[in-house]
$ cat coords-v3.txt   # compact mmCIF, N, CA and C atoms and all ligand atoms
# COMPACT_ATOMS: atom_id res chain seq x y z
N MET A 250 -128.93 194.17 -21.07
CA MET A 250 -127.98 193.27 -21.72
C MET A 250 -126.62 193.93 -21.87
N LYS A 251 -125.59 193.13 -21.78
CA LYS A 251 -124.22 193.65 -21.93
C LYS A 251 -123.88 193.76 -23.42
N THR A 252 -122.98 194.70 -23.69
CA THR A 252 -122.57 194.91 -25.06
C THR A 252 -121.12 194.48 -25.27
N CYS A 253 -120.86 193.90 -26.43
CA CYS A 253 -119.49 193.49 -26.76
C CYS A 253 -119.14 193.97 -28.16
N LEU A 254 -118.00 194.61 -28.27
CA LEU A 254 -117.48 195.04 -29.56
C LEU A 254 -116.43 194.03 -30.01
N VAL A 255 -116.68 193.38 -31.14
CA VAL A 255 -115.74 192.41 -31.69
C VAL A 255 -114.86 193.12 -32.71
N VAL A 256 -113.55 193.18 -32.42
CA VAL A 256 -112.62 193.89 -33.30
C VAL A 256 -111.67 192.87 -33.93
N ASP A 257 -111.85 192.62 -35.22
CA ASP A 257 -111.01 191.63 -35.91
C ASP A 257 -111.12 191.90 -37.41
N ASP A 258 -109.99 191.78 -38.10
CA ASP A 258 -110.02 192.01 -39.54
C ASP A 258 -110.57 190.81 -40.31
N SER A 259 -110.71 189.68 -39.63
CA SER A 259 -111.28 188.50 -40.28
C SER A 259 -112.80 188.48 -40.12
N LYS A 260 -113.46 188.49 -41.26
CA LYS A 260 -114.92 188.46 -41.26
C LYS A 260 -115.43 187.16 -40.63
N VAL A 261 -114.70 186.07 -40.89
CA VAL A 261 -115.09 184.75 -40.36
C VAL A 261 -115.01 184.74 -38.83
N ILE A 262 -113.91 185.28 -38.30
CA ILE A 262 -113.76 185.34 -36.83
C ILE A 262 -114.87 186.20 -36.22
N ARG A 263 -115.14 187.34 -36.86
CA ARG A 263 -116.19 188.22 -36.34
C ARG A 263 -117.54 187.50 -36.31
N LYS A 264 -117.80 186.74 -37.37
CA LYS A 264 -119.07 186.03 -37.48
C LYS A 264 -119.19 184.94 -36.40
N VAL A 265 -118.10 184.19 -36.21
CA VAL A 265 -118.09 183.14 -35.19
C VAL A 265 -118.25 183.74 -33.80
N ALA A 266 -117.47 184.80 -33.53
CA ALA A 266 -117.52 185.45 -32.22
C ALA A 266 -118.91 186.03 -31.95
N ARG A 267 -119.48 186.67 -32.97
CA ARG A 267 -120.82 187.24 -32.81
C ARG A 267 -121.83 186.16 -32.44
N HIS A 268 -121.76 185.04 -33.15
CA HIS A 268 -122.70 183.95 -32.89
C HIS A 268 -122.59 183.45 -31.44
N ILE A 269 -121.34 183.22 -31.01
CA ILE A 269 -121.13 182.74 -29.64
C ILE A 269 -121.64 183.76 -28.63
N LEU A 270 -121.25 185.03 -28.84
CA LEU A 270 -121.62 186.09 -27.89
C LEU A 270 -123.13 186.28 -27.80
N GLU A 271 -123.81 186.13 -28.94
CA GLU A 271 -125.27 186.29 -28.92
C GLU A 271 -125.93 185.15 -28.14
N THR A 272 -125.35 183.96 -28.21
CA THR A 272 -125.91 182.86 -27.40
C THR A 272 -125.64 183.09 -25.91
N LEU A 273 -124.66 183.98 -25.62
CA LEU A 273 -124.36 184.32 -24.22
C LEU A 273 -125.10 185.61 -23.81
N ASP A 274 -126.06 186.01 -24.64
CA ASP A 274 -126.92 187.17 -24.37
C ASP A 274 -126.22 188.53 -24.44
N PHE A 275 -125.19 188.61 -25.25
CA PHE A 275 -124.56 189.91 -25.49
C PHE A 275 -125.17 190.57 -26.71
N VAL A 276 -125.24 191.91 -26.66
CA VAL A 276 -125.54 192.68 -27.86
C VAL A 276 -124.20 192.96 -28.52
N VAL A 277 -124.06 192.57 -29.78
CA VAL A 277 -122.75 192.57 -30.44
C VAL A 277 -122.64 193.64 -31.52
N ASP A 278 -121.48 194.32 -31.51
CA ASP A 278 -121.15 195.24 -32.59
C ASP A 278 -119.79 194.79 -33.13
N GLU A 279 -119.46 195.18 -34.34
CA GLU A 279 -118.22 194.73 -34.96
C GLU A 279 -117.42 195.90 -35.52
N ALA A 280 -116.08 195.72 -35.52
CA ALA A 280 -115.20 196.66 -36.21
C ALA A 280 -114.08 195.85 -36.82
N GLU A 281 -113.57 196.31 -37.98
CA GLU A 281 -112.56 195.47 -38.65
C GLU A 281 -111.13 195.95 -38.44
N ASP A 282 -110.96 197.04 -37.72
CA ASP A 282 -109.60 197.45 -37.32
C ASP A 282 -109.71 198.39 -36.12
N GLY A 283 -108.56 198.71 -35.54
CA GLY A 283 -108.54 199.51 -34.32
C GLY A 283 -109.14 200.89 -34.48
N ARG A 284 -108.90 201.49 -35.65
CA ARG A 284 -109.41 202.85 -35.85
C ARG A 284 -110.94 202.86 -35.89
N GLU A 285 -111.50 201.87 -36.61
CA GLU A 285 -112.95 201.77 -36.66
C GLU A 285 -113.51 201.49 -35.26
N ALA A 286 -112.78 200.68 -34.50
CA ALA A 286 -113.21 200.35 -33.14
C ALA A 286 -113.23 201.58 -32.24
N LEU A 287 -112.22 202.46 -32.38
CA LEU A 287 -112.19 203.69 -31.57
C LEU A 287 -113.40 204.56 -31.90
N GLY A 288 -113.76 204.59 -33.18
CA GLY A 288 -114.95 205.35 -33.60
C GLY A 288 -116.21 204.80 -32.96
N ARG A 289 -116.32 203.48 -32.92
CA ARG A 289 -117.47 202.83 -32.29
C ARG A 289 -117.54 203.17 -30.79
N CYS A 290 -116.35 203.15 -30.17
CA CYS A 290 -116.29 203.44 -28.73
C CYS A 290 -116.66 204.89 -28.43
N ASP A 291 -116.34 205.80 -29.37
CA ASP A 291 -116.71 207.20 -29.21
C ASP A 291 -118.22 207.36 -29.20
N ILE A 292 -118.90 206.58 -30.01
CA ILE A 292 -120.36 206.65 -30.10
C ILE A 292 -120.99 206.01 -28.88
N GLN A 293 -120.58 204.78 -28.59
CA GLN A 293 -121.07 204.11 -27.39
C GLN A 293 -120.02 203.12 -26.87
N MET A 294 -119.56 203.36 -25.64
CA MET A 294 -118.54 202.50 -25.07
C MET A 294 -119.16 201.14 -24.73
N PRO A 295 -118.59 200.04 -25.25
CA PRO A 295 -119.15 198.72 -24.93
C PRO A 295 -118.72 198.28 -23.53
N ASP A 296 -119.36 197.23 -23.02
CA ASP A 296 -118.94 196.66 -21.74
C ASP A 296 -117.66 195.85 -21.91
N VAL A 297 -117.56 195.18 -23.04
CA VAL A 297 -116.41 194.32 -23.32
C VAL A 297 -115.93 194.53 -24.75
N VAL A 298 -114.61 194.45 -24.93
CA VAL A 298 -114.04 194.46 -26.27
C VAL A 298 -113.29 193.14 -26.47
N LEU A 299 -113.62 192.44 -27.53
CA LEU A 299 -112.89 191.24 -27.93
C LEU A 299 -111.94 191.68 -29.02
N LEU A 300 -110.65 191.65 -28.73
CA LEU A 300 -109.68 192.39 -29.55
C LEU A 300 -108.63 191.51 -30.22
N ASP A 301 -108.56 191.60 -31.54
CA ASP A 301 -107.52 190.92 -32.33
C ASP A 301 -106.21 191.70 -32.21
N TRP A 302 -105.09 191.02 -32.46
CA TRP A 302 -103.77 191.66 -32.41
C TRP A 302 -103.39 192.26 -33.76
N ASN A 303 -103.32 191.38 -34.78
CA ASN A 303 -102.88 191.81 -36.11
C ASN A 303 -104.05 192.26 -36.96
N MET A 304 -104.05 193.56 -37.25
CA MET A 304 -105.07 194.13 -38.14
C MET A 304 -104.44 195.25 -38.94
N PRO A 305 -104.91 195.45 -40.19
CA PRO A 305 -104.41 196.60 -40.95
C PRO A 305 -104.94 197.90 -40.35
N VAL A 306 -104.39 199.02 -40.80
CA VAL A 306 -104.79 200.38 -40.39
C VAL A 306 -104.38 200.66 -38.94
N MET A 307 -105.00 199.96 -38.00
CA MET A 307 -104.59 200.09 -36.59
C MET A 307 -104.76 198.75 -35.90
N GLY A 308 -103.65 198.22 -35.36
CA GLY A 308 -103.65 196.92 -34.70
C GLY A 308 -104.21 196.99 -33.28
N GLY A 309 -104.29 195.81 -32.65
CA GLY A 309 -104.87 195.70 -31.32
C GLY A 309 -104.12 196.47 -30.25
N MET A 310 -102.79 196.46 -30.35
CA MET A 310 -101.97 197.13 -29.34
C MET A 310 -102.17 198.64 -29.34
N GLU A 311 -102.18 199.22 -30.53
CA GLU A 311 -102.35 200.68 -30.64
C GLU A 311 -103.76 201.07 -30.18
N PHE A 312 -104.73 200.25 -30.53
CA PHE A 312 -106.10 200.50 -30.07
C PHE A 312 -106.16 200.49 -28.55
N LEU A 313 -105.55 199.46 -27.96
CA LEU A 313 -105.59 199.28 -26.51
C LEU A 313 -104.93 200.46 -25.78
N ARG A 314 -103.76 200.85 -26.26
CA ARG A 314 -103.04 201.98 -25.65
C ARG A 314 -103.86 203.26 -25.73
N THR A 315 -104.45 203.49 -26.89
CA THR A 315 -105.27 204.70 -27.08
C THR A 315 -106.49 204.68 -26.17
N LEU A 316 -107.13 203.52 -26.11
CA LEU A 316 -108.33 203.37 -25.27
C LEU A 316 -108.01 203.62 -23.80
N ARG A 317 -106.93 203.02 -23.32
CA ARG A 317 -106.59 203.13 -21.90
C ARG A 317 -106.10 204.51 -21.51
N GLN A 318 -105.73 205.33 -22.50
CA GLN A 318 -105.33 206.71 -22.20
C GLN A 318 -106.52 207.63 -22.06
N GLN A 319 -107.69 207.15 -22.49
CA GLN A 319 -108.87 208.01 -22.47
C GLN A 319 -109.39 208.19 -21.05
N ASP A 320 -109.75 209.44 -20.77
CA ASP A 320 -110.25 209.78 -19.44
C ASP A 320 -111.76 209.61 -19.43
N ILE A 321 -112.20 208.37 -19.17
CA ILE A 321 -113.63 208.09 -19.20
C ILE A 321 -114.06 207.43 -17.89
N ALA A 322 -115.35 207.58 -17.60
CA ALA A 322 -115.88 207.11 -16.31
C ALA A 322 -115.66 205.61 -16.12
N SER A 323 -115.99 204.82 -17.13
CA SER A 323 -115.78 203.39 -16.96
C SER A 323 -115.17 202.78 -18.21
N GLN A 324 -114.02 202.17 -18.03
CA GLN A 324 -113.32 201.53 -19.13
C GLN A 324 -113.94 200.16 -19.40
N PRO A 325 -114.00 199.76 -20.67
CA PRO A 325 -114.50 198.41 -20.97
C PRO A 325 -113.48 197.35 -20.57
N LYS A 326 -113.95 196.14 -20.34
CA LYS A 326 -113.05 195.01 -20.18
C LYS A 326 -112.53 194.65 -21.56
N VAL A 327 -111.26 194.31 -21.62
CA VAL A 327 -110.69 193.94 -22.92
C VAL A 327 -110.14 192.51 -22.86
N VAL A 328 -110.69 191.67 -23.73
CA VAL A 328 -110.19 190.30 -23.87
C VAL A 328 -109.46 190.22 -25.21
N PHE A 329 -108.20 189.93 -25.11
CA PHE A 329 -107.31 189.92 -26.23
C PHE A 329 -107.30 188.55 -26.90
N CYS A 330 -107.45 188.51 -28.23
CA CYS A 330 -107.45 187.24 -28.96
C CYS A 330 -106.10 187.02 -29.62
N THR A 331 -105.54 185.87 -29.41
CA THR A 331 -104.22 185.65 -29.98
C THR A 331 -104.01 184.19 -30.35
N THR A 332 -102.85 183.90 -30.92
CA THR A 332 -102.50 182.52 -31.25
C THR A 332 -101.48 182.01 -30.24
N GLU A 333 -101.31 180.72 -30.23
CA GLU A 333 -100.53 180.08 -29.18
C GLU A 333 -99.07 180.53 -29.08
N ASN A 334 -98.52 180.99 -30.20
CA ASN A 334 -97.09 181.33 -30.21
C ASN A 334 -96.81 182.75 -29.73
N ASP A 335 -97.84 183.42 -29.29
CA ASP A 335 -97.71 184.85 -29.01
C ASP A 335 -97.47 185.20 -27.54
N MET A 336 -96.73 184.39 -26.80
CA MET A 336 -96.58 184.66 -25.36
C MET A 336 -96.02 186.05 -25.06
N ALA A 337 -95.08 186.51 -25.88
CA ALA A 337 -94.52 187.86 -25.68
C ALA A 337 -95.60 188.92 -25.92
N HIS A 338 -96.41 188.67 -26.93
CA HIS A 338 -97.49 189.60 -27.23
C HIS A 338 -98.52 189.62 -26.11
N ILE A 339 -98.82 188.44 -25.57
CA ILE A 339 -99.79 188.36 -24.47
C ILE A 339 -99.31 189.18 -23.28
N ARG A 340 -98.04 189.01 -22.95
CA ARG A 340 -97.47 189.76 -21.83
C ARG A 340 -97.58 191.27 -22.10
N ALA A 341 -97.21 191.66 -23.31
CA ALA A 341 -97.26 193.09 -23.68
C ALA A 341 -98.69 193.62 -23.61
N ALA A 342 -99.62 192.79 -24.05
CA ALA A 342 -101.03 193.21 -24.05
C ALA A 342 -101.55 193.38 -22.64
N LEU A 343 -101.20 192.46 -21.75
CA LEU A 343 -101.65 192.55 -20.36
C LEU A 343 -101.04 193.79 -19.70
N GLU A 344 -99.77 194.06 -20.02
CA GLU A 344 -99.12 195.26 -19.48
C GLU A 344 -99.75 196.53 -20.01
N ALA A 345 -100.26 196.47 -21.24
CA ALA A 345 -100.88 197.66 -21.85
C ALA A 345 -102.32 197.84 -21.40
N GLY A 346 -102.83 196.90 -20.59
CA GLY A 346 -104.17 197.11 -20.03
C GLY A 346 -105.23 196.11 -20.45
N ALA A 347 -104.85 195.03 -21.14
CA ALA A 347 -105.83 193.98 -21.43
C ALA A 347 -106.17 193.26 -20.13
N ASP A 348 -107.42 192.81 -20.00
CA ASP A 348 -107.85 192.14 -18.77
C ASP A 348 -107.64 190.63 -18.83
N GLU A 349 -107.77 190.09 -20.01
CA GLU A 349 -107.63 188.64 -20.20
C GLU A 349 -107.23 188.38 -21.64
N TYR A 350 -106.88 187.13 -21.93
CA TYR A 350 -106.63 186.78 -23.33
C TYR A 350 -107.26 185.44 -23.61
N VAL A 351 -107.54 185.21 -24.87
CA VAL A 351 -108.12 183.94 -25.28
C VAL A 351 -107.39 183.48 -26.54
N MET A 352 -107.08 182.19 -26.57
CA MET A 352 -106.38 181.62 -27.72
C MET A 352 -107.36 181.36 -28.86
N LYS A 353 -106.93 181.69 -30.06
CA LYS A 353 -107.71 181.36 -31.26
C LYS A 353 -107.29 179.99 -31.76
N PRO A 354 -108.15 179.17 -32.27
CA PRO A 354 -109.59 179.38 -32.35
C PRO A 354 -110.25 179.05 -31.01
N PHE A 355 -111.22 179.87 -30.59
CA PHE A 355 -111.87 179.66 -29.30
C PHE A 355 -113.27 179.09 -29.52
N ASP A 356 -113.74 178.37 -28.54
CA ASP A 356 -115.11 177.86 -28.61
C ASP A 356 -115.97 178.60 -27.58
N ARG A 357 -117.24 178.25 -27.54
CA ARG A 357 -118.19 178.94 -26.67
C ARG A 357 -117.80 178.84 -25.20
N GLU A 358 -117.42 177.62 -24.80
CA GLU A 358 -117.09 177.37 -23.40
C GLU A 358 -115.88 178.20 -22.96
N THR A 359 -114.86 178.24 -23.80
CA THR A 359 -113.64 178.99 -23.48
C THR A 359 -113.94 180.48 -23.37
N LEU A 360 -114.65 181.00 -24.35
CA LEU A 360 -114.96 182.42 -24.35
C LEU A 360 -115.84 182.79 -23.15
N ALA A 361 -116.81 181.93 -22.85
CA ALA A 361 -117.69 182.18 -21.71
C ALA A 361 -116.89 182.23 -20.41
N SER A 362 -115.92 181.34 -20.25
CA SER A 362 -115.14 181.34 -19.01
C SER A 362 -114.26 182.57 -18.91
N LYS A 363 -113.70 183.02 -20.03
CA LYS A 363 -112.88 184.24 -20.02
C LYS A 363 -113.74 185.47 -19.67
N LEU A 364 -114.95 185.50 -20.19
CA LEU A 364 -115.85 186.62 -19.91
C LEU A 364 -116.26 186.61 -18.43
N GLN A 365 -116.36 185.42 -17.88
CA GLN A 365 -116.68 185.31 -16.45
C GLN A 365 -115.52 185.81 -15.60
N ILE A 366 -114.30 185.44 -16.01
CA ILE A 366 -113.09 185.87 -15.28
C ILE A 366 -113.02 187.39 -15.19
N VAL A 367 -113.35 188.08 -16.29
CA VAL A 367 -113.27 189.55 -16.27
C VAL A 367 -114.55 190.19 -15.69
N GLY A 368 -115.50 189.33 -15.29
CA GLY A 368 -116.70 189.85 -14.65
C GLY A 368 -117.71 190.42 -15.61
N ALA A 369 -117.67 189.97 -16.86
CA ALA A 369 -118.56 190.53 -17.87
C ALA A 369 -119.74 189.62 -18.21
N ALA A 370 -119.71 188.41 -17.75
CA ALA A 370 -120.78 187.48 -18.12
C ALA A 370 -121.60 187.08 -16.90
MG MG B 1 -106.10 189.67 -37.57
$ encode --input "coords-v3.txt" --output "structure tokens" --more "lines below"
Ligand SMILES: [Mg+2]
Amino acid sequence: MKTCLVVDDSKVIRKVARHILETLDFVVDEAEDGREALGRCDIQMPDVVLLDWNMPVMGGMEFLRTLRQQDIASQPKVVFCTTENDMAHIRAALEAGADEYVMKPFDRETLASKLQIVGAA
């Protein structure tokens, strides 16, 4: 089974994402900010990271930059979660190494198609 790390400071978003991902047969882990997510990745690198932008302590962008600088055998796919008004952020995230993005709020069908695009589902 594939693993997905859900990184979001919203407990509600994490819960919704976990539920959807589990119906898609992912093993799900959660982190509430970028720093916690880096710790999780140190222990076990997931196949996919579902990444929020705005989080306290360490945001999505800093997490992504740090992750992509790591010299590791296989980098996870990163799907960036954002809101509709964030086109500049989306561009910046893709340039920083995100593989795809998904608009919040997302449903099962949307998330499944994004995971397919990055080759994770
Ligand atoms: Mg947030």
$ closest_residue --input "coords-v3.txt" --among "A:Leu299, A:Met304, A:Ala345, A:Val276" --to "Val367 in chain A" --atoms "only C-alpha atoms"
A:Leu299
$ residues_near_ligand --input "coords-v3.txt" --ligand "ligand MG 1 (chain B)" --cutoff "12 Å" --atoms "only C-alpha atoms and all ligand atoms" --output "PDB file with N, CA and C atoms, keeping the file's coordinate frame"
ATOM      1  N   VAL A 255    -116.680 193.380 -31.140  1.00  0.00           N
ATOM      2  CA  VAL A 255    -115.740 192.410 -31.690  1.00  0.00           C
ATOM      3  C   VAL A 255    -114.860 193.120 -32.710  1.00  0.00           C
ATOM      4  N   VAL A 256    -113.550 193.180 -32.420  1.00  0.00           N
ATOM      5  CA  VAL A 256    -112.620 193.890 -33.300  1.00  0.00           C
ATOM      6  C   VAL A 256    -111.670 192.870 -33.930  1.00  0.00           C
ATOM      7  N   ASP A 257    -111.850 192.620 -35.220  1.00  0.00           N
ATOM      8  CA  ASP A 257    -111.010 191.630 -35.910  1.00  0.00           C
ATOM      9  C   ASP A 257    -111.120 191.900 -37.410  1.00  0.00           C
ATOM     10  N   ASP A 258    -109.990 191.780 -38.100  1.00  0.00           N
ATOM     11  CA  ASP A 258    -110.020 192.010 -39.540  1.00  0.00           C
ATOM     12  C   ASP A 258    -110.570 190.810 -40.310  1.00  0.00           C
ATOM     13  N   SER A 259    -110.710 189.680 -39.630  1.00  0.00           N
ATOM     14  CA  SER A 259    -111.280 188.500 -40.280  1.00  0.00           C
ATOM     15  C   SER A 259    -112.800 188.480 -40.120  1.00  0.00           C
ATOM     16  N   LYS A 260    -113.460 188.490 -41.260  1.00  0.00           N
ATOM     17  CA  LYS A 260    -114.920 188.460 -41.260  1.00  0.00           C
ATOM     18  C   LYS A 260    -115.430 187.160 -40.630  1.00  0.00           C
ATOM     19  N   VAL A 261    -114.700 186.070 -40.890  1.00  0.00           N
ATOM     20  CA  VAL A 261    -115.090 184.750 -40.360  1.00  0.00           C
ATOM     21  C   VAL A 261    -115.010 184.740 -38.830  1.00  0.00           C
ATOM     22  N   ILE A 262    -113.910 185.280 -38.300  1.00  0.00           N
ATOM     23  CA  ILE A 262    -113.760 185.340 -36.830  1.00  0.00           C
ATOM     24  C   ILE A 262    -114.870 186.200 -36.220  1.00  0.00           C
ATOM     25  N   ARG A 263    -115.140 187.340 -36.860  1.00  0.00           N
ATOM     26  CA  ARG A 263    -116.190 188.220 -36.340  1.00  0.00           C
ATOM     27  C   ARG A 263    -117.540 187.500 -36.310  1.00  0.00           C
ATOM     28  N   ALA A 280    -116.080 195.720 -35.520  1.00  0.00           N
ATOM     29  CA  ALA A 280    -115.200 196.660 -36.210  1.00  0.00           C
ATOM     30  C   ALA A 280    -114.080 195.850 -36.820  1.00  0.00           C
ATOM     31  N   GLU A 281    -113.570 196.310 -37.980  1.00  0.00           N
ATOM     32  CA  GLU A 281    -112.560 195.470 -38.650  1.00  0.00           C
ATOM     33  C   GLU A 281    -111.130 195.950 -38.440  1.00  0.00           C
ATOM     34  N   ASP A 282    -110.960 197.040 -37.720  1.00  0.00           N
ATOM     35  CA  ASP A 282    -109.600 197.450 -37.320  1.00  0.00           C
ATOM     36  C   ASP A 282    -109.710 198.390 -36.120  1.00  0.00           C
ATOM     37  N   GLY A 283    -108.560 198.710 -35.540  1.00  0.00           N
ATOM     38  CA  GLY A 283    -108.540 199.510 -34.320  1.00  0.00           C
ATOM     39  C   GLY A 283    -109.140 200.890 -34.480  1.00  0.00           C
ATOM     40  N   LEU A 299    -113.620 192.440 -27.530  1.00  0.00           N
ATOM     41  CA  LEU A 299    -112.890 191.240 -27.930  1.00  0.00           C
ATOM     42  C   LEU A 299    -111.940 191.680 -29.020  1.00  0.00           C
ATOM     43  N   LEU A 300    -110.650 191.650 -28.730  1.00  0.00           N
ATOM     44  CA  LEU A 300    -109.680 192.390 -29.550  1.00  0.00           C
ATOM     45  C   LEU A 300    -108.630 191.510 -30.220  1.00  0.00           C
ATOM     46  N   ASP A 301    -108.560 191.600 -31.540  1.00  0.00           N
ATOM     47  CA  ASP A 301    -107.520 190.920 -32.330  1.00  0.00           C
ATOM     48  C   ASP A 301    -106.210 191.700 -32.210  1.00  0.00           C
ATOM     49  N   TRP A 302    -105.090 191.020 -32.460  1.00  0.00           N
ATOM     50  CA  TRP A 302    -103.770 191.660 -32.410  1.00  0.00           C
ATOM     51  C   TRP A 302    -103.390 192.260 -33.760  1.00  0.00           C
ATOM     52  N   ASN A 303    -103.320 191.380 -34.780  1.00  0.00           N
ATOM     53  CA  ASN A 303    -102.880 191.810 -36.110  1.00  0.00           C
ATOM     54  C   ASN A 303    -104.050 192.260 -36.960  1.00  0.00           C
ATOM     55  N   MET A 304    -104.050 193.560 -37.250  1.00  0.00           N
ATOM     56  CA  MET A 304    -105.070 194.130 -38.140  1.00  0.00           C
ATOM     57  C   MET A 304    -104.440 195.250 -38.940  1.00  0.00           C
ATOM     58  N   PRO A 305    -104.910 195.450 -40.190  1.00  0.00           N
ATOM     59  CA  PRO A 305    -104.410 196.600 -40.950  1.00  0.00           C
ATOM     60  C   PRO A 305    -104.940 197.900 -40.350  1.00  0.00           C
ATOM     61  N   VAL A 306    -104.390 199.020 -40.800  1.00  0.00           N
ATOM     62  CA  VAL A 306    -104.790 200.380 -40.390  1.00  0.00           C
ATOM     63  C   VAL A 306    -104.380 200.660 -38.940  1.00  0.00           C
ATOM     64  N   MET A 307    -105.000 199.960 -38.000  1.00  0.00           N
ATOM     65  CA  MET A 307    -104.590 200.090 -36.590  1.00  0.00           C
ATOM     66  C   MET A 307    -104.760 198.750 -35.900  1.00  0.00           C
ATOM     67  N   GLY A 308    -103.650 198.220 -35.360  1.00  0.00           N
ATOM     68  CA  GLY A 308    -103.650 196.920 -34.700  1.00  0.00           C
ATOM     69  C   GLY A 308    -104.210 196.990 -33.280  1.00  0.00           C
ATOM     70  N   GLY A 309    -104.290 195.810 -32.650  1.00  0.00           N
ATOM     71  CA  GLY A 309    -104.870 195.700 -31.320  1.00  0.00           C
ATOM     72  C   GLY A 309    -104.120 196.470 -30.250  1.00  0.00           C
ATOM     73  N   MET A 310    -102.790 196.460 -30.350  1.00  0.00           N
ATOM     74  CA  MET A 310    -101.970 197.130 -29.340  1.00  0.00           C
ATOM     75  C   MET A 310    -102.170 198.640 -29.340  1.00  0.00           C
ATOM     76  N   PHE A 329    -108.200 189.930 -25.110  1.00  0.00           N
ATOM     77  CA  PHE A 329    -107.310 189.920 -26.230  1.00  0.00           C
ATOM     78  C   PHE A 329    -107.300 188.550 -26.900  1.00  0.00           C
ATOM     79  N   CYS A 330    -107.450 188.510 -28.230  1.00  0.00           N
ATOM     80  CA  CYS A 330    -107.450 187.240 -28.960  1.00  0.00           C
ATOM     81  C   CYS A 330    -106.100 187.020 -29.620  1.00  0.00           C
ATOM     82  N   THR A 331    -105.540 185.870 -29.410  1.00  0.00           N
ATOM     83  CA  THR A 331    -104.220 185.650 -29.980  1.00  0.00           C
ATOM     84  C   THR A 331    -104.010 184.190 -30.350  1.00  0.00           C
ATOM     85  N   THR A 332    -102.850 183.900 -30.920  1.00  0.00           N
ATOM     86  CA  THR A 332    -102.500 182.520 -31.250  1.00  0.00           C
ATOM     87  C   THR A 332    -101.480 182.010 -30.240  1.00  0.00           C
ATOM     88  N   LYS A 353    -106.930 181.690 -30.060  1.00  0.00           N
ATOM     89  CA  LYS A 353    -107.710 181.360 -31.260  1.00  0.00           C
ATOM     90  C   LYS A 353    -107.290 179.990 -31.760  1.00  0.00           C
TER      91      LYS A 353
END
$ atom_distance --input "coords-v3.txt" --atom1 "CA of Glu271 in chain A" --atom2 "atom C of Thr252 in chain A"
9.9 Å
$ select_by_dssp --input "coords-v3.txt" --residues "chain A" --states "strand (DSSP E)" --output "ChimeraX atom specification"
/A:251-256,275-280,297-301,326-331,349-352
$ residues_near_point --input "coords-v3.txt" --point "(-116.4, 197.8, -21.8)" --cutoff "7 Å" --atoms "only N, CA and C atoms" --output "PyMOL selection string"
chain A and resi 252+294-298+323-327
$ write_last_selection --input "coords-v3.txt" --atoms "N, CA and C atoms" --output "PDB file, keeping the file's coordinate frame"
ATOM      1  N   THR A 252    -122.980 194.700 -23.690  1.00  0.00           N
ATOM      2  CA  THR A 252    -122.570 194.910 -25.060  1.00  0.00           C
ATOM      3  C   THR A 252    -121.120 194.480 -25.270  1.00  0.00           C
ATOM      4  N   MET A 294    -119.560 203.360 -25.640  1.00  0.00           N
ATOM      5  CA  MET A 294    -118.540 202.500 -25.070  1.00  0.00           C
ATOM      6  C   MET A 294    -119.160 201.140 -24.730  1.00  0.00           C
ATOM      7  N   PRO A 295    -118.590 200.040 -25.250  1.00  0.00           N
ATOM      8  CA  PRO A 295    -119.150 198.720 -24.930  1.00  0.00           C
ATOM      9  C   PRO A 295    -118.720 198.280 -23.530  1.00  0.00           C
ATOM     10  N   ASP A 296    -119.360 197.230 -23.020  1.00  0.00           N
ATOM     11  CA  ASP A 296    -118.940 196.660 -21.740  1.00  0.00           C
ATOM     12  C   ASP A 296    -117.660 195.850 -21.910  1.00  0.00           C
ATOM     13  N   VAL A 297    -117.560 195.180 -23.040  1.00  0.00           N
ATOM     14  CA  VAL A 297    -116.410 194.320 -23.320  1.00  0.00           C
ATOM     15  C   VAL A 297    -115.930 194.530 -24.750  1.00  0.00           C
ATOM     16  N   VAL A 298    -114.610 194.450 -24.930  1.00  0.00           N
ATOM     17  CA  VAL A 298    -114.040 194.460 -26.270  1.00  0.00           C
ATOM     18  C   VAL A 298    -113.290 193.140 -26.470  1.00  0.00           C
ATOM     19  N   SER A 323    -115.990 204.820 -17.130  1.00  0.00           N
ATOM     20  CA  SER A 323    -115.780 203.390 -16.960  1.00  0.00           C
ATOM     21  C   SER A 323    -115.170 202.780 -18.210  1.00  0.00           C
ATOM     22  N   GLN A 324    -114.020 202.170 -18.030  1.00  0.00           N
ATOM     23  CA  GLN A 324    -113.320 201.530 -19.130  1.00  0.00           C
ATOM     24  C   GLN A 324    -113.940 200.160 -19.400  1.00  0.00           C
ATOM     25  N   PRO A 325    -114.000 199.760 -20.670  1.00  0.00           N
ATOM     26  CA  PRO A 325    -114.500 198.410 -20.970  1.00  0.00           C
ATOM     27  C   PRO A 325    -113.480 197.350 -20.570  1.00  0.00           C
ATOM     28  N   LYS A 326    -113.950 196.140 -20.340  1.00  0.00           N
ATOM     29  CA  LYS A 326    -113.050 195.010 -20.180  1.00  0.00           C
ATOM     30  C   LYS A 326    -112.530 194.650 -21.560  1.00  0.00           C
ATOM     31  N   VAL A 327    -111.260 194.310 -21.620  1.00  0.00           N
ATOM     32  CA  VAL A 327    -110.690 193.940 -22.920  1.00  0.00           C
ATOM     33  C   VAL A 327    -110.140 192.510 -22.860  1.00  0.00           C
TER      34      VAL A 327
END
$ atom_distance --input "coords-v3.txt" --atom1 "atom N of Gln293 in chain A" --atom2 "atom C of Ile321 in chain A"
12.8 Å
$ closest_residue --input "coords-v3.txt" --among "A:Gly346, A:Pro354, A:Gly368, A:Gly288" --to "Gln318 in chain A" --atoms "only C-alpha atoms"
A:Gly346
$ atom_distance --input "coords-v3.txt" --atom1 "atom N of Asn334 in chain A" --atom2 "CA of Leu270 in chain A"
23.8 Å
$ closest_residue --input "coords-v3.txt" --among "A:Ala337, A:Leu273, A:Ala342, A:Val351" --to "Ala370 in chain A" --atoms "all atoms listed in the file"
A:Leu273
$ closest_residue --input "coords-v3.txt" --among "A:Ala347, A:Met250, A:Ala361, A:Ala322" --to "Ile269 in chain A" --atoms "all atoms listed in the file"
A:Ala361
$ select_by_dssp --input "coords-v3.txt" --residues "range 275-343 of chain A" --states "alpha helix (DSSP H)" --output "number ranges by chain"
A: 283-292, 309-318, 336-343
